[in-house]
file protein_33.tsv (TSV, C-alpha atoms)
chain	number	residue	atom	x	y	z
A	39	GLY	CA	62.73	134.48	137.16
A	40	ALA	CA	61.71	137.63	138.95
A	41	GLY	CA	64.80	139.58	137.98
A	42	VAL	CA	68.27	139.39	136.48
A	43	SER	CA	70.32	136.87	138.40
A	44	GLN	CA	74.11	136.87	138.54
A	45	SER	CA	76.46	134.32	140.05
A	46	PRO	CA	78.61	134.18	141.96
A	47	SER	CA	77.91	137.31	143.95
A	48	ASN	CA	81.55	137.39	145.05
A	49	LYS	CA	84.61	135.83	143.50
A	50	VAL	CA	88.15	135.96	144.85
A	51	THR	CA	90.83	134.61	142.58
A	52	GLU	CA	94.56	134.61	142.19
A	53	LYS	CA	96.32	136.59	139.53
A	54	GLY	CA	96.70	134.52	136.36
A	55	LYS	CA	93.67	132.30	136.94
A	56	ASP	CA	90.62	132.23	134.66
A	57	VAL	CA	87.16	133.15	135.94
A	58	GLU	CA	83.64	132.70	134.61
A	59	LEU	CA	80.78	134.98	135.58
A	60	ARG	CA	77.21	134.01	134.87
A	61	CYS	CA	74.11	136.04	134.07
A	62	ASP	CA	70.52	134.80	133.87
A	63	PRO	CA	68.44	137.55	132.26
A	64	ILE	CA	64.74	138.07	132.75
A	65	SER	CA	62.81	135.51	130.76
A	66	GLY	CA	61.84	136.86	127.36
A	67	HIS	CA	64.38	139.67	127.35
A	68	THR	CA	66.21	139.61	124.07
A	69	ALA	CA	68.90	142.17	124.82
A	70	LEU	CA	71.70	141.52	127.31
A	71	TYR	CA	74.51	143.83	128.37
A	72	TRP	CA	77.67	143.40	130.46
A	73	TYR	CA	79.15	146.40	132.26
A	74	ARG	CA	82.11	146.82	134.58
A	75	GLN	CA	81.94	149.14	137.57
A	76	SER	CA	85.24	150.12	139.15
A	77	LEU	CA	85.53	152.10	142.37
A	78	GLY	CA	84.73	155.74	141.69
A	79	GLN	CA	84.17	155.09	138.00
A	80	GLY	CA	81.04	155.03	135.95
A	81	LEU	CA	79.75	151.96	134.24
A	82	GLU	CA	82.09	150.78	131.54
A	83	PHE	CA	80.30	149.05	128.67
A	84	LEU	CA	81.80	145.66	127.81
A	85	ILE	CA	79.54	143.74	125.43
A	86	TYR	CA	75.96	143.70	124.12
A	87	PHE	CA	73.89	140.79	122.81
A	88	GLN	CA	70.67	141.27	120.87
A	89	GLY	CA	68.74	138.20	119.80
A	90	ASN	CA	70.58	136.21	117.17
A	91	SER	CA	72.62	139.17	115.92
A	92	ALA	CA	76.38	139.27	116.21
A	93	PRO	CA	77.30	140.75	119.60
A	94	ASP	CA	78.72	144.24	119.93
A	95	LYS	CA	82.11	143.51	121.51
A	96	SER	CA	83.46	147.02	121.13
A	97	GLY	CA	83.81	147.55	124.89
A	98	LEU	CA	85.89	144.51	125.76
A	99	PRO	CA	89.18	145.88	127.16
A	100	SER	CA	91.46	143.11	125.91
A	101	ASP	CA	91.45	139.71	124.27
A	102	ARG	CA	91.50	138.15	127.73
A	103	PHE	CA	87.80	139.01	127.94
A	104	SER	CA	85.14	137.05	126.09
A	105	ALA	CA	81.45	136.40	126.48
A	106	GLU	CA	78.90	133.96	125.19
A	107	ARG	CA	75.15	133.85	125.24
A	108	THR	CA	73.65	130.42	124.79
A	109	GLY	CA	70.18	129.89	123.39
A	110	GLY	CA	69.46	133.58	123.60
A	111	SER	CA	69.25	133.37	127.36
A	112	VAL	CA	72.07	132.71	129.84
A	113	SER	CA	75.33	134.56	129.30
A	114	THR	CA	78.82	133.82	130.58
A	115	LEU	CA	81.59	136.40	130.78
A	116	THR	CA	85.04	134.81	130.86
A	117	ILE	CA	88.22	136.55	131.93
A	118	GLN	CA	91.39	134.64	131.20
A	119	ARG	CA	94.68	135.11	133.04
A	120	THR	CA	93.14	137.61	135.45
A	121	GLN	CA	95.09	140.69	136.47
A	122	GLN	CA	94.69	142.87	139.54
A	123	GLU	CA	93.25	145.68	137.42
A	124	ASP	CA	90.36	143.34	136.54
A	125	SER	CA	89.08	143.71	140.11
A	126	ALA	CA	85.68	145.37	139.85
A	127	VAL	CA	81.95	144.73	140.03
A	128	TYR	CA	80.67	143.12	136.85
A	129	LEU	CA	77.06	143.99	136.17
A	130	CYS	CA	74.68	142.32	133.77
A	131	ALA	CA	71.53	143.98	132.45
A	132	SER	CA	68.75	142.83	130.19
A	133	SER	CA	65.95	144.54	128.36
A	134	LEU	CA	62.79	143.44	126.68
A	135	GLU	CA	63.74	144.30	123.17
A	136	ARG	CA	66.32	146.12	121.16
A	137	GLY	CA	67.21	149.28	122.97
A	138	GLY	CA	65.10	148.41	125.97
A	139	GLY	CA	61.94	149.19	124.14
A	140	ARG	CA	60.84	152.73	123.51
A	141	HIS	CA	62.22	153.99	126.76
A	142	GLY	CA	65.52	152.13	126.87
A	143	LYS	CA	64.83	150.59	130.27
A	144	LEU	CA	67.55	148.29	131.52
A	145	PHE	CA	67.05	145.78	134.33
A	146	PHE	CA	70.27	145.13	136.23
A	147	GLY	CA	71.45	142.21	138.29
A	148	SER	CA	73.20	142.70	141.62
A	149	GLY	CA	76.58	142.11	140.07
A	150	THR	CA	79.59	139.93	140.75
A	151	GLN	CA	82.30	141.47	142.90
A	152	LEU	CA	85.57	140.17	141.47
A	153	SER	CA	88.73	140.48	143.53
A	154	VAL	CA	92.03	139.46	141.97
A	155	LEU	CA	94.79	138.97	144.52
B	241	GLY	CA	83.49	160.83	122.28
B	242	GLU	CA	80.40	160.91	124.40
B	243	ASP	CA	80.92	161.83	128.02
B	244	VAL	CA	78.69	162.23	131.06
B	245	GLU	CA	79.90	164.12	134.13
B	246	GLN	CA	78.55	164.22	137.67
B	247	SER	CA	79.86	165.39	140.99
B	248	LEU	CA	80.83	162.36	143.06
B	249	PHE	CA	79.37	163.24	146.44
B	250	LEU	CA	76.38	165.07	147.92
B	251	SER	CA	75.25	165.32	151.53
B	252	VAL	CA	71.88	166.65	152.64
B	253	ARG	CA	69.85	166.70	155.83
B	254	GLU	CA	66.78	164.52	156.12
B	255	GLY	CA	63.72	166.46	155.01
B	256	ASP	CA	65.68	168.82	152.76
B	257	SER	CA	65.63	168.71	148.98
B	258	SER	CA	68.51	167.08	147.10
B	259	VAL	CA	69.60	168.24	143.68
B	260	ILE	CA	71.92	166.00	141.71
B	261	ASN	CA	73.42	167.50	138.58
B	262	CYS	CA	74.71	165.96	135.38
B	263	THR	CA	76.23	167.30	132.19
B	264	TYR	CA	76.63	165.44	128.94
B	265	THR	CA	78.42	166.20	125.73
B	266	ASP	CA	76.40	164.56	122.98
B	267	SER	CA	73.84	166.99	121.63
B	268	SER	CA	72.20	164.10	119.76
B	269	SER	CA	71.14	162.44	122.99
B	270	THR	CA	67.52	161.41	122.70
B	271	TYR	CA	66.97	159.73	126.04
B	272	LEU	CA	68.30	160.75	129.42
B	273	TYR	CA	67.98	158.57	132.50
B	274	TRP	CA	68.46	158.53	136.23
B	275	TYR	CA	69.32	155.21	137.84
B	276	LYS	CA	69.64	154.48	141.56
B	277	GLN	CA	72.06	151.95	143.03
B	278	GLU	CA	71.63	150.88	146.64
B	279	PRO	CA	74.49	149.12	148.46
B	280	GLY	CA	75.16	145.65	147.14
B	281	ALA	CA	72.51	145.94	144.45
B	282	GLY	CA	72.32	146.59	140.75
B	283	LEU	CA	71.06	149.77	139.20
B	284	GLN	CA	67.36	150.50	139.15
B	285	LEU	CA	65.77	152.91	136.70
B	286	LEU	CA	64.24	155.81	138.60
B	287	THR	CA	63.02	157.97	135.78
B	288	TYR	CA	63.81	159.06	132.26
B	289	ILE	CA	63.14	162.04	130.06
B	290	PHE	CA	63.05	162.52	126.32
B	291	SER	CA	65.18	165.26	124.86
B	292	ASN	CA	62.12	167.15	123.62
B	293	MET	CA	60.92	167.63	127.20
B	294	ASP	CA	62.04	170.28	129.69
B	295	MET	CA	60.70	168.77	132.86
B	296	LYS	CA	59.22	165.60	134.23
B	297	GLN	CA	57.74	165.12	137.67
B	298	ASP	CA	57.04	161.83	139.39
B	299	GLN	CA	55.99	162.05	143.03
B	300	ARG	CA	59.05	163.32	144.96
B	301	LEU	CA	61.25	163.30	141.86
B	302	THR	CA	61.60	166.20	139.44
B	303	VAL	CA	63.83	165.99	136.40
B	304	LEU	CA	64.90	169.18	134.64
B	305	LEU	CA	66.57	169.22	131.25
B	306	ASN	CA	68.38	172.19	129.77
B	307	LYS	CA	69.15	170.95	126.31
B	308	LYS	CA	71.00	174.08	125.29
B	309	ASP	CA	73.50	173.67	128.13
B	310	LYS	CA	73.34	169.85	128.01
B	311	HIS	CA	72.50	169.84	131.71
B	312	LEU	CA	70.24	167.39	133.49
B	313	SER	CA	69.23	167.52	137.13
B	314	LEU	CA	67.34	165.29	139.52
B	315	ARG	CA	65.58	166.91	142.46
B	316	ILE	CA	64.42	164.72	145.32
B	317	ALA	CA	61.94	166.48	147.58
B	318	ASP	CA	61.76	165.70	151.30
B	319	THR	CA	64.85	163.50	151.16
B	320	GLN	CA	64.71	160.44	153.41
B	321	THR	CA	67.42	158.14	154.74
B	322	GLY	CA	66.19	155.50	152.30
B	323	ASP	CA	67.24	157.78	149.48
B	324	SER	CA	70.91	157.28	150.41
B	325	ALA	CA	72.41	155.60	147.36
B	326	ILE	CA	74.49	156.24	144.27
B	327	TYR	CA	72.62	158.02	141.49
B	328	PHE	CA	73.74	157.53	137.90
B	329	CYS	CA	72.93	159.81	135.03
B	330	ALA	CA	72.91	158.13	131.60
B	331	GLU	CA	72.26	159.20	128.05
B	332	SER	CA	71.47	157.43	124.83
B	333	ILE	CA	71.00	158.45	121.24
B	334	ASP	CA	69.12	155.35	120.18
B	335	GLY	CA	67.87	153.67	123.34
B	336	GLN	CA	70.33	150.88	122.61
B	337	ASN	CA	73.78	152.23	123.45
B	338	PHE	CA	74.12	153.96	126.79
B	339	VAL	CA	76.76	156.18	128.35
B	340	PHE	CA	76.70	156.36	132.12
B	341	GLY	CA	78.20	158.99	134.38
B	342	PRO	CA	80.43	158.11	137.35
B	343	GLY	CA	77.54	158.30	139.81
B	344	THR	CA	76.81	160.69	142.68
B	345	ARG	CA	76.87	159.21	146.16
B	346	LEU	CA	74.03	160.81	148.12
B	347	SER	CA	74.33	160.72	151.89
B	348	VAL	CA	71.29	161.71	153.91
B	349	LEU	CA	72.13	162.96	157.39
B	350	PRO	CA	69.63	162.68	160.25

call {"tool": "encode", "arguments": {"input": "protein_33.tsv", "output": "structure tokens"}}
result
Amino acid sequence: GAGVSQSPSNKVTEKGKDVELRCDPISGHTALYWYRQSLGQGLEFLIYFQGNSAPDKSGLPSDRFSAERTGGSVSTLTIQRTQQEDSAVYLCASSLERGGGRHGKLFFGSGTQLSVL
Amino acid sequence: GEDVEQSLFLSVREGDSSVINCTYTDSSSTYLYWYKQEPGAGLQLLTYIFSNMDMKQDQRLTVLLNKKDKHLSLRIADTQTGDSAIYFCAESIDGQNFVFGPGTRLSVLP
């Protein structure tokens, strides 16, 4: 595709429900990142996938959060038993190679706005 | 740990220059970036600078790096209404792990 695609663009859910957020990276990009953007906060790193290597999960805030990347392409971020504090914009980014190439350039999707009521 | 700080808001008049400032804590930072986020969109890389550079200019954008003070700035000349957005400073040691600042919301007044 032309860019990083995320779906849904908006998700409203009830506290305690599970949600799945999807990211389609740019074709051929081997690195994929998930970030969380809360109001007035910077981007909080969640998880990083690079090729077939084990993902860097060091940013996941709790065991309610998990992510998969199938076939080195599409990624799904799952939040179980959602809480109100999970409300945020979840951004996905991809890059051509490890570290975004020499310049570390990340290509971001438009994000999923998650609202937990 | 690594930290990146920015002021949260900046207002300028159309046609004036905007200067957005950023400070970071990690002296090992190799790459420093400026990203722009327009409403409802993801972040878009505007420009970057290597830590061995003092300045980089790209059309209306000028990036200044003071490595000693760990201070990075982005100057936008002749600011236009289309420049209204949130600007994120980010740093990386390895071009793989990134630390982003909270973003500066730039408002351009007519």

call {"tool": "closest_residue", "arguments": {"input": "protein_33.tsv", "among": "B:Val303, B:Leu349, B:Met295, B:Cys262", "to": "Ile316 in chain B", "atoms": "only C-alpha atoms"}}
result
B:Val303

call {"tool": "closest_residue", "arguments": {"input": "protein_33.tsv", "among": "B:Thr344, B:Thr319, B:Ser291, B:Gln284", "to": "Arg253 in chain B", "atoms": "all atoms listed in the file"}}
result
B:Thr319

call {"tool": "interface_residues", "arguments": {"input": "protein_33.tsv", "of": "chain A", "to": "chain B", "cutoff": "12 Å", "atoms": "all atoms listed in the file", "output": "NGL selection string"}}
result
:A and (41-44 or 47-48 or 69-88 or 94 or 96-97 or 127-151)

call {"tool": "write_last_selection", "arguments": {"input": "protein_33.tsv", "atoms": "C-alpha atoms", "output": "tab-separated table (two decimals), keeping the file's coordinate frame"}}
result
chain	number	residue	atom	x	y	z
A	41	GLY	CA	64.80	139.58	137.98
A	42	VAL	CA	68.27	139.39	136.48
A	43	SER	CA	70.32	136.87	138.40
A	44	GLN	CA	74.11	136.87	138.54
A	47	SER	CA	77.91	137.31	143.95
A	48	ASN	CA	81.55	137.39	145.05
A	69	ALA	CA	68.90	142.17	124.82
A	70	LEU	CA	71.70	141.52	127.31
A	71	TYR	CA	74.51	143.83	128.37
A	72	TRP	CA	77.67	143.40	130.46
A	73	TYR	CA	79.15	146.40	132.26
A	74	ARG	CA	82.11	146.82	134.58
A	75	GLN	CA	81.94	149.14	137.57
A	76	SER	CA	85.24	150.12	139.15
A	77	LEU	CA	85.53	152.10	142.37
A	78	GLY	CA	84.73	155.74	141.69
A	79	GLN	CA	84.17	155.09	138.00
A	80	GLY	CA	81.04	155.03	135.95
A	81	LEU	CA	79.75	151.96	134.24
A	82	GLU	CA	82.09	150.78	131.54
A	83	PHE	CA	80.30	149.05	128.67
A	84	LEU	CA	81.80	145.66	127.81
A	85	ILE	CA	79.54	143.74	125.43
A	86	TYR	CA	75.96	143.70	124.12
A	87	PHE	CA	73.89	140.79	122.81
A	88	GLN	CA	70.67	141.27	120.87
A	94	ASP	CA	78.72	144.24	119.93
A	96	SER	CA	83.46	147.02	121.13
A	97	GLY	CA	83.81	147.55	124.89
A	127	VAL	CA	81.95	144.73	140.03
A	128	TYR	CA	80.67	143.12	136.85
A	129	LEU	CA	77.06	143.99	136.17
A	130	CYS	CA	74.68	142.32	133.77
A	131	ALA	CA	71.53	143.98	132.45
A	132	SER	CA	68.75	142.83	130.19
A	133	SER	CA	65.95	144.54	128.36
A	134	LEU	CA	62.79	143.44	126.68
A	135	GLU	CA	63.74	144.30	123.17
A	136	ARG	CA	66.32	146.12	121.16
A	137	GLY	CA	67.21	149.28	122.97
A	138	GLY	CA	65.10	148.41	125.97
A	139	GLY	CA	61.94	149.19	124.14
A	140	ARG	CA	60.84	152.73	123.51
A	141	HIS	CA	62.22	153.99	126.76
A	142	GLY	CA	65.52	152.13	126.87
A	143	LYS	CA	64.83	150.59	130.27
A	144	LEU	CA	67.55	148.29	131.52
A	145	PHE	CA	67.05	145.78	134.33
A	146	PHE	CA	70.27	145.13	136.23
A	147	GLY	CA	71.45	142.21	138.29
A	148	SER	CA	73.20	142.70	141.62
A	149	GLY	CA	76.58	142.11	140.07
A	150	THR	CA	79.59	139.93	140.75
A	151	GLN	CA	82.30	141.47	142.90

call {"tool": "residues_around", "arguments": {"input": "protein_33.tsv", "residues": "range 104-118 of chain A", "least_positions_apart": "6", "cutoff": "7 Å", "atoms": "all atoms listed in the file", "output": "NGL selection string"}}
result
:A and (55-63 or 68 or 89)

call {"tool": "closest_residue", "arguments": {"input": "protein_33.tsv", "among": "B:Ser267, B:Glu242, B:Ser251, B:Val348", "to": "Lys307 in chain B", "atoms": "all atoms listed in the file"}}
result
B:Ser267

call {"tool": "build_atoms", "arguments": {"input": "protein_33.tsv", "residues": "range 301-312 of chain B", "atoms": "all heavy atoms", "output": "short mmCIF file (atom, residue, chain, number, x, y, z; two decimals), keeping the file's coordinate frame"}}
result
data_model
loop_
_atom_site.label_atom_id
_atom_site.label_comp_id
_atom_site.auth_asym_id
_atom_site.auth_seq_id
_atom_site.Cartn_x
_atom_site.Cartn_y
_atom_site.Cartn_z
N LEU B 301 60.16 163.10 142.81
CA LEU B 301 61.25 163.30 141.86
C LEU B 301 60.87 164.32 140.80
O LEU B 301 59.78 164.25 140.22
CB LEU B 301 61.61 161.99 141.17
CG LEU B 301 61.96 160.80 142.06
CD1 LEU B 301 62.27 159.58 141.21
CD2 LEU B 301 63.13 161.13 142.97
N THR B 302 61.78 165.25 140.53
CA THR B 302 61.60 166.20 139.44
C THR B 302 62.87 166.19 138.60
O THR B 302 63.97 166.36 139.13
CB THR B 302 61.35 167.63 139.95
OG1 THR B 302 60.20 167.64 140.79
CG2 THR B 302 61.12 168.58 138.78
N VAL B 303 62.70 165.96 137.32
CA VAL B 303 63.83 165.99 136.40
C VAL B 303 63.73 167.25 135.55
O VAL B 303 62.67 167.55 135.00
CB VAL B 303 63.84 164.76 135.48
CG1 VAL B 303 64.99 164.84 134.49
CG2 VAL B 303 63.92 163.48 136.29
N LEU B 304 64.83 167.99 135.48
CA LEU B 304 64.90 169.18 134.64
C LEU B 304 65.96 168.98 133.58
O LEU B 304 67.06 168.50 133.87
CB LEU B 304 65.24 170.41 135.48
CG LEU B 304 64.20 170.85 136.51
CD1 LEU B 304 64.72 172.05 137.30
CD2 LEU B 304 62.89 171.19 135.85
N LEU B 305 65.63 169.34 132.35
CA LEU B 305 66.57 169.22 131.25
C LEU B 305 66.77 170.57 130.58
O LEU B 305 65.80 171.21 130.15
CB LEU B 305 66.07 168.21 130.22
CG LEU B 305 66.89 168.09 128.94
CD1 LEU B 305 68.32 167.65 129.24
CD2 LEU B 305 66.23 167.12 127.96
N ASN B 306 68.00 171.01 130.52
CA ASN B 306 68.38 172.19 129.77
C ASN B 306 69.19 171.71 128.58
O ASN B 306 70.39 171.43 128.69
CB ASN B 306 69.21 173.15 130.64
CG ASN B 306 69.59 174.43 129.90
OD1 ASN B 306 69.80 174.42 128.69
ND2 ASN B 306 69.69 175.52 130.63
N LYS B 307 68.51 171.56 127.46
CA LYS B 307 69.15 170.95 126.31
C LYS B 307 70.25 171.86 125.74
O LYS B 307 71.26 171.37 125.24
CB LYS B 307 68.11 170.63 125.25
CG LYS B 307 68.60 169.65 124.20
CD LYS B 307 67.48 169.23 123.27
CE LYS B 307 68.04 168.27 122.21
NZ LYS B 307 67.02 167.90 121.23
N LYS B 308 70.02 173.13 125.83
CA LYS B 308 71.00 174.08 125.29
C LYS B 308 72.34 173.93 126.00
O LYS B 308 73.40 173.91 125.38
CB LYS B 308 70.47 175.51 125.43
CG LYS B 308 71.44 176.61 125.03
CD LYS B 308 70.76 177.96 125.13
CE LYS B 308 71.76 179.10 124.99
NZ LYS B 308 72.64 179.18 126.15
N ASP B 309 72.28 173.81 127.34
CA ASP B 309 73.50 173.67 128.13
C ASP B 309 73.89 172.22 128.35
O ASP B 309 74.89 171.95 129.03
CB ASP B 309 73.32 174.35 129.49
CG ASP B 309 73.16 175.86 129.36
OD1 ASP B 309 73.58 176.41 128.31
OD2 ASP B 309 72.61 176.49 130.28
N LYS B 310 73.09 171.29 127.83
CA LYS B 310 73.34 169.85 128.01
C LYS B 310 73.47 169.55 129.51
O LYS B 310 74.44 168.91 129.97
CB LYS B 310 74.58 169.40 127.25
CG LYS B 310 74.52 169.64 125.76
CD LYS B 310 75.64 168.89 125.06
CE LYS B 310 75.88 169.43 123.68
NZ LYS B 310 76.46 170.78 123.65
N HIS B 311 72.50 169.99 130.26
CA HIS B 311 72.50 169.84 131.71
C HIS B 311 71.20 169.17 132.15
O HIS B 311 70.11 169.59 131.77
CB HIS B 311 72.64 171.22 132.37
CG HIS B 311 72.69 171.17 133.84
ND1 HIS B 311 71.58 171.30 134.65
CD2 HIS B 311 73.74 170.99 134.70
CE1 HIS B 311 71.94 171.20 135.91
NE2 HIS B 311 73.24 171.02 135.97
N LEU B 312 71.36 168.16 132.96
CA LEU B 312 70.24 167.39 133.49
C LEU B 312 70.33 167.42 135.00
O LEU B 312 71.43 167.32 135.55
CB LEU B 312 70.32 165.95 132.99
CG LEU B 312 69.19 164.99 133.36
CD1 LEU B 312 67.95 165.29 132.56
CD2 LEU B 312 69.63 163.54 133.11
#
